>>> print(open('run31.pdb').read())   # PDB, C-alpha atoms
ATOM      1  CA  VAL A 134       0.000   0.000   0.000  1.00  0.00           C
ATOM      2  CA  GLN A 135       1.433   3.389  -0.985  1.00  0.00           C
ATOM      3  CA  CYS A 136       1.157   6.517   1.147  1.00  0.00           C
ATOM      4  CA  CYS A 137      -1.428   9.132   0.125  1.00  0.00           C
ATOM      5  CA  PRO A 138      -0.561  12.677   1.196  1.00  0.00           C
ATOM      6  CA  GLY A 139      -4.223  13.617   1.518  1.00  0.00           C
ATOM      7  CA  ARG A 140      -5.002  10.708   3.850  1.00  0.00           C
ATOM      8  CA  PRO A 141      -2.999  10.685   7.086  1.00  0.00           C
ATOM      9  CA  GLN A 142      -4.689   7.460   8.263  1.00  0.00           C
ATOM     10  CA  LEU A 143      -3.237   5.452   5.369  1.00  0.00           C
ATOM     11  CA  ARG A 144       0.169   6.948   6.059  1.00  0.00           C
ATOM     12  CA  GLN A 145      -0.119   5.895   9.693  1.00  0.00           C
ATOM     13  CA  VAL A 146      -1.202   2.383   8.727  1.00  0.00           C
ATOM     14  CA  ASN A 147       1.728   2.094   6.299  1.00  0.00           C
ATOM     15  CA  GLU A 148       4.142   3.294   8.973  1.00  0.00           C
ATOM     16  CA  VAL A 149       2.749   0.857  11.533  1.00  0.00           C
ATOM     17  CA  MET A 150       2.935  -2.056   9.088  1.00  0.00           C
ATOM     18  CA  SER A 151       6.507  -1.162   8.176  1.00  0.00           C
ATOM     19  CA  ARG A 152       7.463  -0.944  11.837  1.00  0.00           C
ATOM     20  CA  CYS A 153       5.755  -4.238  12.565  1.00  0.00           C
ATOM     21  CA  LYS A 154       7.814  -5.941   9.841  1.00  0.00           C
ATOM     22  CA  ASN A 155      10.951  -4.385  11.251  1.00  0.00           C
ATOM     23  CA  ALA A 156       9.917  -5.432  14.733  1.00  0.00           C
ATOM     24  CA  VAL A 157       9.407  -9.043  13.704  1.00  0.00           C
ATOM     25  CA  PHE A 158      12.817  -9.147  12.023  1.00  0.00           C
ATOM     26  CA  ALA A 159      14.375  -7.498  15.049  1.00  0.00           C
ATOM     27  CA  LEU A 160      12.576  -9.971  17.295  1.00  0.00           C
ATOM     28  CA  PHE A 161      14.101 -12.906  15.501  1.00  0.00           C
ATOM     29  CA  ALA A 162      17.540 -11.316  15.615  1.00  0.00           C
ATOM     30  CA  ILE A 163      17.248 -10.506  19.326  1.00  0.00           C
ATOM     31  CA  SER A 164      15.837 -13.888  20.248  1.00  0.00           C
ATOM     32  CA  ALA A 165      18.810 -15.532  18.661  1.00  0.00           C
ATOM     33  CA  ALA A 166      21.197 -13.251  20.550  1.00  0.00           C
ATOM     34  CA  SER A 167      19.468 -13.158  23.935  1.00  0.00           C
ATOM     35  CA  ALA A 168      17.739 -15.906  25.772  1.00  0.00           C
ATOM     36  CA  THR A 169      16.743 -13.874  28.843  1.00  0.00           C
ATOM     37  CA  GLU A 170      13.389 -12.642  27.391  1.00  0.00           C
ATOM     38  CA  GLY A 171      10.992 -14.853  25.580  1.00  0.00           C
ATOM     39  CA  PRO A 172       9.831 -14.014  22.058  1.00  0.00           C
ATOM     40  CA  ALA A 173       6.289 -13.278  23.192  1.00  0.00           C
ATOM     41  CA  GLN A 174       7.531 -10.755  25.746  1.00  0.00           C
ATOM     42  CA  LYS A 175       9.661  -9.051  23.145  1.00  0.00           C
ATOM     43  CA  VAL A 176       6.719  -8.837  20.728  1.00  0.00           C
ATOM     44  CA  VAL A 177       4.532  -7.378  23.476  1.00  0.00           C
ATOM     45  CA  LYS A 178       7.173  -4.744  24.299  1.00  0.00           C
ATOM     46  CA  MET A 179       7.606  -3.839  20.641  1.00  0.00           C
ATOM     47  CA  MET A 180       3.856  -3.620  20.071  1.00  0.00           C
ATOM     48  CA  ALA A 181       3.489  -1.385  23.163  1.00  0.00           C
ATOM     49  CA  LYS A 182       6.287   0.849  21.842  1.00  0.00           C
ATOM     50  CA  LEU A 183       4.646   1.020  18.400  1.00  0.00           C
ATOM     51  CA  LYS A 184       1.266   1.784  19.961  1.00  0.00           C
ATOM     52  CA  LYS A 185       2.795   4.620  21.953  1.00  0.00           C
ATOM     53  CA  GLU A 186       4.458   6.067  18.813  1.00  0.00           C
ATOM     54  CA  VAL A 187       1.211   5.841  16.797  1.00  0.00           C
ATOM     55  CA  VAL A 188      -0.755   7.562  19.581  1.00  0.00           C
ATOM     56  CA  GLU A 189       1.862  10.343  19.800  1.00  0.00           C
ATOM     57  CA  GLN A 190       1.757  10.841  16.027  1.00  0.00           C
ATOM     58  CA  GLY A 191      -2.045  10.922  16.097  1.00  0.00           C
ATOM     59  CA  GLU A 192      -2.031  13.558  18.854  1.00  0.00           C
ATOM     60  CA  LYS A 193       0.517  15.615  16.925  1.00  0.00           C
ATOM     61  CA  GLU A 194      -1.529  15.423  13.708  1.00  0.00           C
ATOM     62  CA  ASP A 195      -4.714  16.224  15.650  1.00  0.00           C
ATOM     63  CA  ALA A 196      -3.079  19.359  17.063  1.00  0.00           C
ATOM     64  CA  GLU A 197      -1.883  20.347  13.581  1.00  0.00           C
ATOM     65  CA  PHE A 198      -5.371  19.770  12.163  1.00  0.00           C
ATOM     66  CA  LYS A 199      -6.964  21.903  14.904  1.00  0.00           C
ATOM     67  CA  ALA A 200      -4.489  24.706  14.218  1.00  0.00           C
ATOM     68  CA  TYR A 201      -5.236  24.485  10.483  1.00  0.00           C
ATOM     69  CA  ALA A 202      -9.004  24.459  11.113  1.00  0.00           C
ATOM     70  CA  LYS A 203      -8.617  27.546  13.328  1.00  0.00           C
ATOM     71  CA  PHE A 204      -6.596  29.248  10.582  1.00  0.00           C
ATOM     72  CA  CYS A 205      -9.299  28.394   8.019  1.00  0.00           C
ATOM     73  CA  ALA A 206     -12.075  29.749  10.250  1.00  0.00           C
ATOM     74  CA  LYS A 207     -10.134  32.966  10.887  1.00  0.00           C
ATOM     75  CA  THR A 208      -9.402  33.404   7.173  1.00  0.00           C
ATOM     76  CA  LEU A 209     -13.057  32.751   6.317  1.00  0.00           C
ATOM     77  CA  ASN A 210     -14.192  35.420   8.787  1.00  0.00           C
ATOM     78  CA  GLU A 211     -11.661  37.924   7.431  1.00  0.00           C
ATOM     79  CA  LYS A 212     -12.713  37.288   3.835  1.00  0.00           C
ATOM     80  CA  ALA A 213     -16.410  37.573   4.721  1.00  0.00           C
ATOM     81  CA  TYR A 214     -15.745  40.898   6.463  1.00  0.00           C
ATOM     82  CA  GLN A 215     -13.721  42.199   3.510  1.00  0.00           C
ATOM     83  CA  LEU A 216     -16.421  41.100   1.075  1.00  0.00           C
ATOM     84  CA  ALA A 217     -19.178  42.828   3.068  1.00  0.00           C
ATOM     85  CA  ARG A 218     -17.055  45.968   3.353  1.00  0.00           C
ATOM     86  CA  SER A 219     -16.336  45.935  -0.386  1.00  0.00           C
ATOM     87  CA  GLU A 220     -20.022  45.495  -1.235  1.00  0.00           C
ATOM     88  CA  LYS A 221     -20.937  48.414   1.041  1.00  0.00           C
ATOM     89  CA  LYS A 222     -18.222  50.565  -0.538  1.00  0.00           C
ATOM     90  CA  ASN A 223     -19.387  49.542  -4.017  1.00  0.00           C
ATOM     91  CA  THR A 224     -22.951  50.625  -3.191  1.00  0.00           C
ATOM     92  CA  SER A 225     -21.702  53.960  -1.876  1.00  0.00           C
ATOM     93  CA  MET A 226     -19.515  54.521  -4.919  1.00  0.00           C
ATOM     94  CA  THR A 227     -22.396  53.662  -7.265  1.00  0.00           C
ATOM     95  CA  ALA A 228     -24.542  56.307  -5.548  1.00  0.00           C
ATOM     96  CA  ASP A 229     -21.679  58.819  -5.793  1.00  0.00           C
ATOM     97  CA  LYS A 230     -21.338  58.015  -9.495  1.00  0.00           C
ATOM     98  CA  ALA A 231     -25.056  58.670 -10.050  1.00  0.00           C
ATOM     99  CA  VAL A 232     -24.753  62.068  -8.333  1.00  0.00           C
ATOM    100  CA  ALA A 233     -21.665  62.899 -10.401  1.00  0.00           C
ATOM    101  CA  ASP A 234     -23.479  61.895 -13.607  1.00  0.00           C
ATOM    102  CA  GLU A 235     -26.350  64.257 -12.708  1.00  0.00           C
ATOM    103  CA  LYS A 236     -23.884  67.080 -12.090  1.00  0.00           C
ATOM    104  CA  ILE A 237     -22.233  66.406 -15.455  1.00  0.00           C
ATOM    105  CA  VAL A 238     -25.606  66.642 -17.214  1.00  0.00           C
ATOM    106  CA  GLU A 239     -26.348  69.911 -15.399  1.00  0.00           C
ATOM    107  CA  ALA A 240     -22.903  71.298 -16.275  1.00  0.00           C
ATOM    108  CA  ASN A 241     -23.319  70.331 -19.948  1.00  0.00           C
ATOM    109  CA  THR A 242     -26.713  72.075 -20.012  1.00  0.00           C
ATOM    110  CA  THR A 243     -25.189  75.187 -18.432  1.00  0.00           C
ATOM    111  CA  ILE A 244     -22.313  75.115 -20.941  1.00  0.00           C
ATOM    112  CA  THR A 245     -24.770  74.899 -23.848  1.00  0.00           C
ATOM    113  CA  GLU A 246     -26.818  77.821 -22.477  1.00  0.00           C
ATOM    114  CA  LEU A 247     -23.726  79.942 -21.879  1.00  0.00           C
ATOM    115  CA  THR A 248     -22.337  79.129 -25.330  1.00  0.00           C
ATOM    116  CA  ALA A 249     -25.596  80.314 -26.907  1.00  0.00           C
ATOM    117  CA  GLU A 250     -25.505  83.476 -24.781  1.00  0.00           C
ATOM    118  CA  VAL A 251     -21.880  84.165 -25.771  1.00  0.00           C
ATOM    119  CA  LEU A 252     -22.753  83.757 -29.474  1.00  0.00           C
ATOM    120  CA  LYS A 253     -25.683  86.155 -29.047  1.00  0.00           C
ATOM    121  CA  ASP A 254     -23.487  88.693 -27.236  1.00  0.00           C
ATOM    122  CA  GLU A 255     -20.803  88.408 -29.928  1.00  0.00           C
ATOM    123  CA  ALA A 256     -23.424  89.085 -32.633  1.00  0.00           C
ATOM    124  CA  GLU A 257     -24.686  92.143 -30.711  1.00  0.00           C
ATOM    125  CA  LEU A 258     -21.093  93.332 -30.289  1.00  0.00           C
ATOM    126  CA  ALA A 259     -20.446  92.955 -34.016  1.00  0.00           C
ATOM    127  CA  ASN A 260     -23.621  94.948 -34.826  1.00  0.00           C
ATOM    128  CA  ALA A 261     -22.730  97.631 -32.285  1.00  0.00           C
ATOM    129  CA  THR A 262     -19.151  97.834 -33.595  1.00  0.00           C
ATOM    130  CA  SER A 263     -20.415  98.151 -37.171  1.00  0.00           C
ATOM    131  CA  SER A 264     -22.930 100.816 -36.157  1.00  0.00           C
ATOM    132  CA  ARG A 265     -20.272 102.762 -34.257  1.00  0.00           C
ATOM    133  CA  ALA A 266     -17.869 102.459 -37.148  1.00  0.00           C
ATOM    134  CA  ASP A 267     -20.526 103.918 -39.468  1.00  0.00           C
ATOM    135  CA  SER A 268     -21.223 106.685 -36.922  1.00  0.00           C
ATOM    136  CA  ALA A 269     -17.506 107.368 -36.610  1.00  0.00           C
ATOM    137  CA  ALA A 270     -17.140 107.555 -40.391  1.00  0.00           C
ATOM    138  CA  THR A 271     -20.110 109.944 -40.621  1.00  0.00           C
ATOM    139  CA  TYR A 272     -18.681 112.054 -37.796  1.00  0.00           C
ATOM    140  CA  ALA A 273     -15.259 112.140 -39.427  1.00  0.00           C
ATOM    141  CA  ALA A 274     -16.818 113.225 -42.744  1.00  0.00           C
ATOM    142  CA  ASP A 275     -18.937 115.901 -41.029  1.00  0.00           C
ATOM    143  CA  ALA A 276     -15.971 117.105 -38.993  1.00  0.00           C
ATOM    144  CA  LYS A 277     -13.844 117.374 -42.133  1.00  0.00           C
ATOM    145  CA  GLU A 278     -16.573 119.281 -43.910  1.00  0.00           C
ATOM    146  CA  ILE A 279     -16.921 121.700 -40.995  1.00  0.00           C
ATOM    147  CA  THR A 280     -13.149 122.079 -40.701  1.00  0.00           C
ATOM    148  CA  ASP A 281     -12.874 122.732 -44.453  1.00  0.00           C
ATOM    149  CA  ALA A 282     -15.691 125.262 -44.259  1.00  0.00           C
ATOM    150  CA  MET A 283     -14.058 127.069 -41.364  1.00  0.00           C
ATOM    151  CA  ASP A 284     -10.749 127.092 -43.144  1.00  0.00           C
ATOM    152  CA  ALA A 285     -12.431 128.548 -46.230  1.00  0.00           C
ATOM    153  CA  LEU A 286     -14.089 131.255 -44.147  1.00  0.00           C
ATOM    154  CA  GLU A 287     -10.856 132.208 -42.537  1.00  0.00           C
ATOM    155  CA  LYS A 288      -9.153 132.743 -45.809  1.00  0.00           C
TER     156      LYS A 288
END
>>> encode(input="run31.pdb", output="structure tokens")
Amino acid sequence: VQCCPGRPQLRQVNEVMSRCKNAVFALFAISAASATEGPAQKVVKMMAKLKKEVVEQGEKEDAEFKAYAKFCAKTLNEKAYQLARSEKKNTSMTADKAVADEKIVEANTTITELTAEVLKDEAELANATSSRADSAATYAADAKEITDAMDALEK
């Protein structure tokens, strides 16, 4: 059986089976070298040692899982808060955009009205300038005529 990284139970089972094989081989080697303990006692000691190691690993993995679950819950809460805040900000910005759009329409209307008024004033100015130019020309002609007449009388 191969180890699956996503399944810690299979990894534990594989480790236990591997250790059991090693324990059996070690048991045979020790029993040949030492006659003070019987093979059954050695197997019981090895199994107790393996049980203790498996329990310690399980507790360690349980603690790691709890820490990861706490991290996930914290991250979920943070993301939910950020999402709610972003949605609220989006609503506010949409309302601000609507107000700005209304102001743009009003400004464009005012610009159009003022442009028409400026064109009207420019036309009136052109008429007034033309009229004054005609009056100035008439005045200049009359003034010349009077000046010529006075000069003629003086001579």
>>> atom_distance(input="run31.pdb", atom1="CA of Leu183 in chain A", atom2="CA of Asn155 in chain A")
11.0 Å
>>> closest_residue(input="run31.pdb", among="A:Leu216, A:Thr262, A:Ala200, A:Glu148", to="Glu186 in chain A", atoms="all atoms listed in the file")
A:Glu148
>>> atom_distance(input="run31.pdb", atom1="CA of Lys178 in chain A", atom2="CA of Glu197 in chain A")
28.7 Å
>>> axis_aligned_box(input="run31.pdb", around="range 209-222 of chain A", padding_each_side="6 Å", output="AutoDock Vina command-line options")
--center_x -16.3 --center_y 41.7 --center_z 3.8 --size_x 21.3 --size_y 29.8 --size_z 22.0
